[in-house]
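So this block is upload-v5.cif, mmCIF, C-alpha atoms and all ligand atoms:
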data_entry
#
loop_
_atom_site.label_atom_id
_atom_site.label_comp_id
_atom_site.auth_asym_id
_atom_site.auth_seq_id
_atom_site.Cartn_x
_atom_site.Cartn_y
_atom_site.Cartn_z
CA MET C 1376 13.48 5.71 -19.34
CA ASN C 1377 11.52 8.77 -18.30
CA LEU C 1378 9.73 8.48 -14.97
CA VAL C 1379 6.76 10.45 -16.25
CA GLU C 1380 5.82 11.48 -19.79
CA PHE C 1381 3.05 13.77 -21.01
CA LYS C 1382 2.04 13.65 -24.68
CA SER C 1383 -0.22 16.49 -25.71
CA VAL C 1384 -2.01 16.46 -22.35
CA SER C 1385 -5.02 18.71 -21.81
CA LYS C 1386 -7.16 19.07 -18.71
CA ARG C 1387 -10.55 20.74 -18.69
CA TYR C 1388 -12.80 21.26 -15.69
CA ARG C 1389 -16.52 21.69 -16.02
CA LEU C 1390 -18.09 24.36 -13.85
CA GLY C 1391 -21.83 24.09 -14.54
CA GLU C 1392 -22.25 25.43 -18.08
CA LEU C 1393 -18.71 26.70 -18.17
CA GLU C 1394 -15.65 24.77 -19.23
CA VAL C 1395 -12.28 25.83 -17.84
CA THR C 1396 -9.14 24.73 -19.66
CA ALA C 1397 -6.52 24.25 -16.97
CA LEU C 1398 -3.87 22.64 -19.23
CA GLU C 1399 -3.62 22.81 -22.99
CA GLN C 1400 -1.66 20.22 -25.04
CA VAL C 1401 1.28 19.93 -22.72
CA ASP C 1402 4.32 17.84 -23.70
CA PHE C 1403 6.61 17.21 -20.79
CA ALA C 1404 8.90 14.58 -19.32
CA VAL C 1405 10.65 13.98 -16.03
CA ALA C 1406 13.78 11.83 -16.07
CA ARG C 1407 15.45 10.17 -13.09
CA GLY C 1408 17.60 12.67 -11.23
CA ASP C 1409 15.78 15.76 -12.51
CA PHE C 1410 15.28 18.76 -10.25
CA VAL C 1411 12.39 20.68 -11.77
CA ALA C 1412 10.51 23.80 -10.68
CA LEU C 1413 7.12 24.55 -12.21
CA THR C 1414 6.48 28.26 -12.21
CA GLY C 1415 3.79 30.58 -13.45
CA PRO C 1416 1.23 32.96 -12.01
CA SER C 1417 -1.69 31.83 -9.89
CA GLY C 1418 -4.22 29.97 -12.06
CA SER C 1419 -1.65 29.00 -14.70
CA GLY C 1420 -2.11 25.25 -14.09
CA LYS C 1421 0.72 24.28 -11.69
CA THR C 1422 -1.47 22.35 -9.24
CA THR C 1423 -3.35 20.67 -12.08
CA MET C 1424 -0.08 19.58 -13.63
CA LEU C 1425 1.31 18.21 -10.34
CA ASN C 1426 -1.94 16.30 -9.72
CA LEU C 1427 -1.66 14.74 -13.17
CA ILE C 1428 2.03 13.89 -12.69
CA GLY C 1429 1.09 12.22 -9.37
CA CYS C 1430 -1.81 10.28 -10.94
CA LEU C 1431 -4.27 11.98 -8.60
CA ASP C 1432 -6.35 12.97 -11.61
CA TYR C 1433 -6.84 11.89 -15.21
CA PRO C 1434 -6.21 14.04 -18.29
CA SER C 1435 -9.16 15.06 -20.48
CA ASP C 1436 -7.03 14.46 -23.58
CA GLY C 1437 -3.59 13.17 -24.42
CA GLU C 1438 -1.52 10.45 -22.81
CA ILE C 1439 0.36 10.19 -19.54
CA ARG C 1440 2.86 7.41 -18.97
CA VAL C 1441 4.38 6.63 -15.60
CA LEU C 1442 7.40 4.29 -15.67
CA GLY C 1443 6.44 3.62 -19.27
CA GLN C 1444 2.87 2.54 -18.42
CA PRO C 1445 -0.07 4.46 -19.90
CA VAL C 1446 -2.03 5.60 -16.84
CA ASN C 1447 -5.41 5.47 -18.61
CA GLN C 1448 -5.14 1.74 -19.05
CA LEU C 1449 -4.59 0.87 -15.39
CA ASP C 1450 -7.37 -0.28 -13.07
CA ASP C 1451 -7.76 1.27 -9.62
CA ARG C 1452 -5.66 -1.32 -7.82
CA SER C 1453 -2.75 -1.11 -10.24
CA LEU C 1454 -2.94 2.66 -10.07
CA ASP C 1455 -2.84 2.59 -6.24
CA ARG C 1456 0.18 0.32 -6.34
CA LEU C 1457 1.92 2.50 -8.94
CA ARG C 1458 1.25 5.59 -6.83
CA SER C 1459 2.55 4.14 -3.58
CA GLN C 1460 5.67 2.74 -5.28
CA THR C 1461 6.47 5.84 -7.28
CA TYR C 1462 5.71 9.02 -5.38
CA GLY C 1463 6.51 10.87 -2.22
CA ILE C 1464 4.52 14.02 -1.56
CA ILE C 1465 5.46 17.09 0.46
CA PHE C 1466 2.38 19.02 1.47
CA GLN C 1467 2.38 22.78 1.62
CA ASN C 1468 0.96 22.96 5.13
CA PHE C 1469 3.20 20.12 6.32
CA ASN C 1470 0.14 17.99 7.28
CA LEU C 1471 1.92 16.65 10.34
CA ILE C 1472 -0.16 14.90 12.96
CA PRO C 1473 0.09 16.98 16.15
CA VAL C 1474 -0.02 14.10 18.65
CA LEU C 1475 2.71 12.09 16.90
CA THR C 1476 6.45 12.73 17.32
CA ALA C 1477 8.65 13.69 14.37
CA LEU C 1478 9.77 10.05 14.09
CA GLU C 1479 6.20 8.72 14.19
CA ASN C 1480 5.04 11.25 11.60
CA VAL C 1481 7.88 10.24 9.29
CA ALA C 1482 7.16 6.51 9.74
CA LEU C 1483 3.48 6.93 8.87
CA PRO C 1484 3.62 6.19 5.09
CA LEU C 1485 5.47 2.94 5.86
CA TYR C 1486 2.35 1.41 7.44
CA LEU C 1487 0.99 0.98 3.92
CA HIS C 1488 4.12 -0.96 3.01
CA LYS C 1489 3.56 -3.53 5.78
CA LEU C 1490 7.12 -3.53 7.15
CA PRO C 1491 8.21 -4.79 10.58
CA LYS C 1492 8.27 -2.09 13.26
CA SER C 1493 12.07 -2.24 13.63
CA GLU C 1494 12.52 -1.66 9.90
CA MET C 1495 10.05 1.24 9.96
CA ASP C 1496 11.98 2.86 12.83
CA ARG C 1497 15.29 2.33 11.08
CA ARG C 1498 14.04 3.97 7.89
CA ALA C 1499 12.35 6.85 9.71
CA HIS C 1500 15.56 7.55 11.65
CA ARG C 1501 17.55 7.55 8.44
CA ALA C 1502 15.11 9.91 6.71
CA LEU C 1503 15.21 12.34 9.64
CA GLU C 1504 19.00 12.15 9.62
CA SER C 1505 19.11 13.04 5.93
CA VAL C 1506 17.17 16.26 6.60
CA GLY C 1507 19.41 17.15 9.56
CA LEU C 1508 16.87 16.44 12.30
CA SER C 1509 18.44 13.47 14.11
CA ARG C 1510 18.25 15.32 17.42
CA PHE C 1511 14.55 16.02 17.07
CA THR C 1512 13.08 12.54 16.63
CA ASP C 1513 11.01 12.72 19.83
CA PHE C 1514 9.76 16.28 19.36
CA LEU C 1515 6.10 16.97 18.65
CA PRO C 1516 5.31 19.25 15.67
CA ASP C 1517 4.39 22.07 18.09
CA GLN C 1518 7.90 22.04 19.51
CA LEU C 1519 9.47 22.62 16.10
CA SER C 1520 9.89 25.75 13.99
CA GLY C 1521 8.09 26.11 10.65
CA GLY C 1522 11.30 25.32 8.77
CA GLN C 1523 11.88 22.21 10.90
CA ARG C 1524 8.31 21.04 10.42
CA GLN C 1525 8.73 21.35 6.68
CA ARG C 1526 11.92 19.25 7.00
CA VAL C 1527 9.91 16.58 8.82
CA ALA C 1528 7.46 16.70 5.91
CA VAL C 1529 10.40 16.20 3.50
CA ALA C 1530 11.64 13.24 5.57
CA ARG C 1531 8.16 11.71 5.46
CA ALA C 1532 8.16 12.05 1.66
CA LEU C 1533 11.60 10.39 1.50
CA VAL C 1534 10.93 7.51 3.84
CA THR C 1535 9.39 5.16 1.27
CA GLU C 1536 12.36 5.79 -1.06
CA PRO C 1537 10.08 7.04 -3.83
CA LYS C 1538 11.24 7.48 -7.41
CA LEU C 1539 9.86 10.99 -7.55
CA ILE C 1540 8.97 13.59 -4.92
CA LEU C 1541 6.21 16.07 -5.72
CA ALA C 1542 5.55 19.27 -3.83
CA ASP C 1543 2.95 21.93 -4.54
CA GLU C 1544 4.36 25.28 -3.39
CA PRO C 1545 6.27 23.68 -0.50
CA THR C 1546 7.77 27.01 0.54
CA ALA C 1547 4.55 29.03 0.51
CA SER C 1548 4.10 29.14 4.28
CA LEU C 1549 7.79 29.69 5.09
CA ASP C 1550 9.75 32.90 5.64
CA SER C 1551 12.30 33.55 2.90
CA ALA C 1552 15.32 32.19 4.83
CA SER C 1553 13.51 28.90 5.59
CA ALA C 1554 12.22 28.75 2.00
CA LEU C 1555 15.76 29.03 0.65
CA SER C 1556 17.07 26.48 3.12
CA LEU C 1557 14.29 24.05 2.10
CA VAL C 1558 15.21 24.38 -1.58
CA GLU C 1559 18.88 23.87 -0.70
CA LEU C 1560 17.98 20.76 1.28
CA MET C 1561 16.02 19.33 -1.65
CA LYS C 1562 18.88 20.23 -3.98
CA ASN C 1563 21.37 18.38 -1.76
CA LEU C 1564 19.15 15.30 -1.62
CA ASN C 1565 18.94 15.49 -5.40
CA ARG C 1566 22.70 15.79 -5.83
CA GLU C 1567 23.81 13.34 -3.16
CA GLN C 1568 21.07 10.71 -3.24
CA GLN C 1569 19.75 11.26 -6.79
CA VAL C 1570 16.25 11.97 -5.45
CA THR C 1571 14.09 13.35 -8.28
CA PHE C 1572 11.97 16.41 -7.45
CA VAL C 1573 9.20 18.29 -9.22
CA PHE C 1574 7.82 21.18 -7.24
CA SER C 1575 5.88 24.34 -7.95
CA THR C 1576 6.74 27.80 -6.76
CA HIS C 1577 5.99 31.34 -7.75
CA ASP C 1578 8.94 32.67 -5.78
CA GLN C 1579 11.36 33.96 -8.41
CA ARG C 1580 14.21 34.17 -5.89
CA LEU C 1581 14.29 30.38 -5.51
CA LEU C 1582 14.65 29.67 -9.21
CA SER C 1583 18.36 30.39 -9.43
CA HIS C 1584 18.88 27.27 -7.29
CA VAL C 1585 16.99 25.02 -9.67
CA ASP C 1586 18.42 23.00 -12.59
CA ARG C 1587 15.35 23.10 -14.72
CA VAL C 1588 12.61 25.70 -14.68
CA VAL C 1589 9.37 24.98 -16.53
CA GLU C 1590 6.97 27.86 -16.93
CA LEU C 1591 3.21 27.70 -17.37
CA ARG C 1592 1.02 30.48 -18.70
CA ASP C 1593 -2.73 30.00 -18.98
CA GLY C 1594 -2.33 26.23 -19.05
CA CYS C 1595 0.33 26.24 -21.78
CA LEU C 1596 3.92 25.24 -21.28
CA MET C 1597 6.34 27.94 -22.37
CA ALA C 1598 8.71 25.66 -24.29
CA ALA C 1599 11.33 28.38 -24.58
CA ALA C 1600 11.33 28.69 -20.79
CA ASP C 1601 12.30 25.06 -20.18
CA THR C 1602 15.90 25.68 -19.16
CA GLN C 1603 16.89 22.05 -19.67
CA LEU C 1604 15.69 22.09 -23.28
CA HIS C 1605 17.78 25.21 -23.72
CA ALA C 1606 20.84 23.56 -22.25
CA GLU C 1607 20.37 20.54 -24.50
CA ALA C 1608 19.85 22.72 -27.58
CA ASP C 1609 22.93 24.76 -26.69
CA SER C 1610 25.15 21.72 -26.24
CA THR C 1611 23.90 20.22 -29.53
CA ALA C 1612 24.62 23.50 -31.24
CA MET C 1613 28.08 23.56 -29.72
CA ALA C 1614 28.79 19.98 -30.70
CA THR C 1615 27.86 20.73 -34.29
CA GLY C 1616 29.67 24.04 -34.27
CA GLU C 1617 26.46 25.94 -35.03
CA SER C 1618 26.97 28.36 -32.16
CA GLU C 1619 30.35 29.53 -33.41
CA VAL C 1620 30.48 33.02 -34.71
CA ALA C 1621 32.17 33.09 -38.09
P1 LIG C 1701 -2.20 27.16 -10.14
O1 LIG C 1701 -1.87 26.01 -9.26
O2 LIG C 1701 -1.10 27.54 -11.09
O3 LIG C 1701 -2.69 28.33 -9.39
P2 LIG C 1701 -4.48 25.53 -10.96
O4 LIG C 1701 -3.96 24.29 -11.58
O5 LIG C 1701 -4.96 25.43 -9.56
O6 LIG C 1701 -3.40 26.70 -11.12
O7 LIG C 1701 -5.68 26.08 -11.85
C1 LIG C 1701 -5.65 26.22 -13.26
C2 LIG C 1701 -7.01 26.67 -13.75
O8 LIG C 1701 -7.95 25.61 -13.57
C3 LIG C 1701 -7.57 27.86 -13.01
O9 LIG C 1701 -8.31 28.63 -13.94
C4 LIG C 1701 -8.50 27.25 -11.99
O10 LIG C 1701 -9.52 28.12 -11.64
C5 LIG C 1701 -9.02 26.03 -12.73
N1 LIG C 1701 -9.33 24.90 -11.81
C6 LIG C 1701 -8.46 24.21 -11.06
N2 LIG C 1701 -9.07 23.22 -10.38
C7 LIG C 1701 -10.38 23.28 -10.71
C8 LIG C 1701 -11.55 22.51 -10.37
N3 LIG C 1701 -11.48 21.48 -9.53
N4 LIG C 1701 -12.74 22.88 -10.93
C9 LIG C 1701 -12.80 23.91 -11.79
N5 LIG C 1701 -11.76 24.66 -12.17
C10 LIG C 1701 -10.56 24.36 -11.65
MG MG C 1702 -1.75 25.89 -7.17
#

Could you write out this structure as structure tokens?
Amino acid sequence: MNLVEFKSVSKRYRLGELEVTALEQVDFAVARGDFVALTGPSGSGKTTMLNLIGCLDYPSDGEIRVLGQPVNQLDDRSLDRLRSQTYGIIFQNFNLIPVLTALENVALPLYLHKLPKSEMDRRAHRALESVGLSRFTDFLPDQLSGGQRQRVAVARALVTEPKLILADEPTASLDSASALSLVELMKNLNREQQVTFVFSTHDQRLLSHVDRVVELRDGCLMAAADTQLHAEADSTAMATGESEVA
């Protein structure tokens, strides 16, 4: 089953008299284990699409299903529950709380899950370990580099063991070496722990590390740019012998 499915999803914003179309009839799906980058120039609809994937906003038209459930039909409580059980979010500006240690920052989302303190600590330790920051549990955000802070933000997104991690331009405030190392970290988590990621970036250099690149232009998905669709089409063609040159 797909984790998230879009069927002909459009999103329009009203600005006084003006209507802005941010997404136009987008068909899209994320399956378990996917590693997807959304690309496209500024204003192409990346943030809008991530907000819709994360159920932070409703579409104007079309249908969105999360874990098979049509989002439009859920009441607020069911939607809250679905959100907290499904998603982890990495914020662009880390959003770490300055007076809390790395461990405490990572444990924060677990308060909503009402776990015993010992279990919260155990999970937070494990999440920090999986991003290579075991030695930094007691450090405050100020005592960490930008790249390390972003790793803490990744650990915080992982700690609830979400089905899908979303990140809107997670590398935007990093230098290029830290940006690359963040993408490699996410890629390793994807490969080794089957964590599913959808993130946006307009950094072309990062895309060679991504399994599936989905490109937006003026709110439309460039179907031909979805590298996974290509791969599937190619393998079908191969299986049926269509790609053979006579
Ligand atoms: P990106 O993240 O690729 O830069 P966005 O999803 O933020 O693109 O924006 C897509 C389009 O929707 C842009 O034209 C933007 O101005 C418009 N837009 C986004 N959010 C709003 C909003 N809350 N109100 C009005 N227009 C918006
Ligand atoms: Mg954006």

(request) Quick one: pull the distance between atom CA of Phe1381 of chain C and atom CA of Leu1596 of chain C, Å, one decimal. (result) 11.5 Å

(message) Counting all atoms listed in the file, what are the residues, protein, DNA or RNA alike, that approach ligand LIG 1701 (chain C) to within 12 Å? I want them as a ChimeraX atom specification.
(response) /C:1385-1399,1413-1427,1431-1432,1542-1544,1574-1577,1590-1596

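Across the structure, atom CA of Leu1557 of chain C and atom CA of Leu1581 of chain C are spaced 9.9 Å apart.
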
Box in all listed atoms of segment 1545-1556 of chain C, axis-aligned, with 3 Å more on each side; write out centre and edge lengths in Å to one decimal as lines of an AutoDock Vina configuration file.
center_x = 10.6
center_y = 28.6
center_z = 2.6
size_x = 19.0
size_y = 15.9
size_z = 12.1

(message) Using Å and a single decimal, report how far atom CA of Ser1553 of chain C sits from atom CA of Leu1503 of chain C.
(response) 17.1 Å

(message) Which residues are near segment 1460-1464 of chain C? Cut-off 6 Å, all atoms listed in the file, ignore same chain within fewer than 2 positions. Put them as a list of chain:residue names.
(response) C:Leu1457, C:Arg1458, C:Ala1532, C:Pro1537, C:Lys1538, C:Leu1539, C:Ile1540, C:Leu1541, C:Ala1542

(request) For Thr1535 of chain C, work out the shell of residues within 10 Å, counting only C-alpha atoms and skipping chain neighbours fewer than 3 positions away, then give it as a ChimeraX atom specification. (result) /C:1459-1463,1481-1485,1487-1488,1495,1498-1499,1502,1530-1532,1538

Give me, as JSON lines, each residue of segment 1547-1600 of chain C that comes within 9 Å of segment 1508-1525 of chain C, together with its shortest interatomic pair and the distance in Å at one decimal, counting all atoms listed in the file, with rows ordered by chain and rising residue number.
{"residue": "C:Ser1548", "atom": "CA", "partner": "C:Gly1521", "partner_atom": "CA", "distance": 8.1}
{"residue": "C:Leu1549", "atom": "CA", "partner": "C:Gly1521", "partner_atom": "CA", "distance": 6.6}
{"residue": "C:Asp1550", "atom": "CA", "partner": "C:Gly1522", "partner_atom": "CA", "distance": 8.3}
{"residue": "C:Ala1552", "atom": "CA", "partner": "C:Gly1522", "partner_atom": "CA", "distance": 8.9}
{"residue": "C:Ser1553", "atom": "CA", "partner": "C:Gly1522", "partner_atom": "CA", "distance": 5.3}
{"residue": "C:Ala1554", "atom": "CA", "partner": "C:Gly1522", "partner_atom": "CA", "distance": 7.6}
{"residue": "C:Ser1556", "atom": "CA", "partner": "C:Gly1522", "partner_atom": "CA", "distance": 8.2}
{"residue": "C:Leu1557", "atom": "CA", "partner": "C:Gly1522", "partner_atom": "CA", "distance": 7.4}

(request) Go through C:Arg1566, C:Val1534, C:Leu1555, C:Phe1466 one by one, measure the shortest atom-to-atom distance of each to ligand MG 1702 (chain C) using all atoms listed in the file, and give the residue with the smallest value. (result)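 That would be C:Phe1466, the residue with the smallest distance to ligand MG 1702 (chain C).
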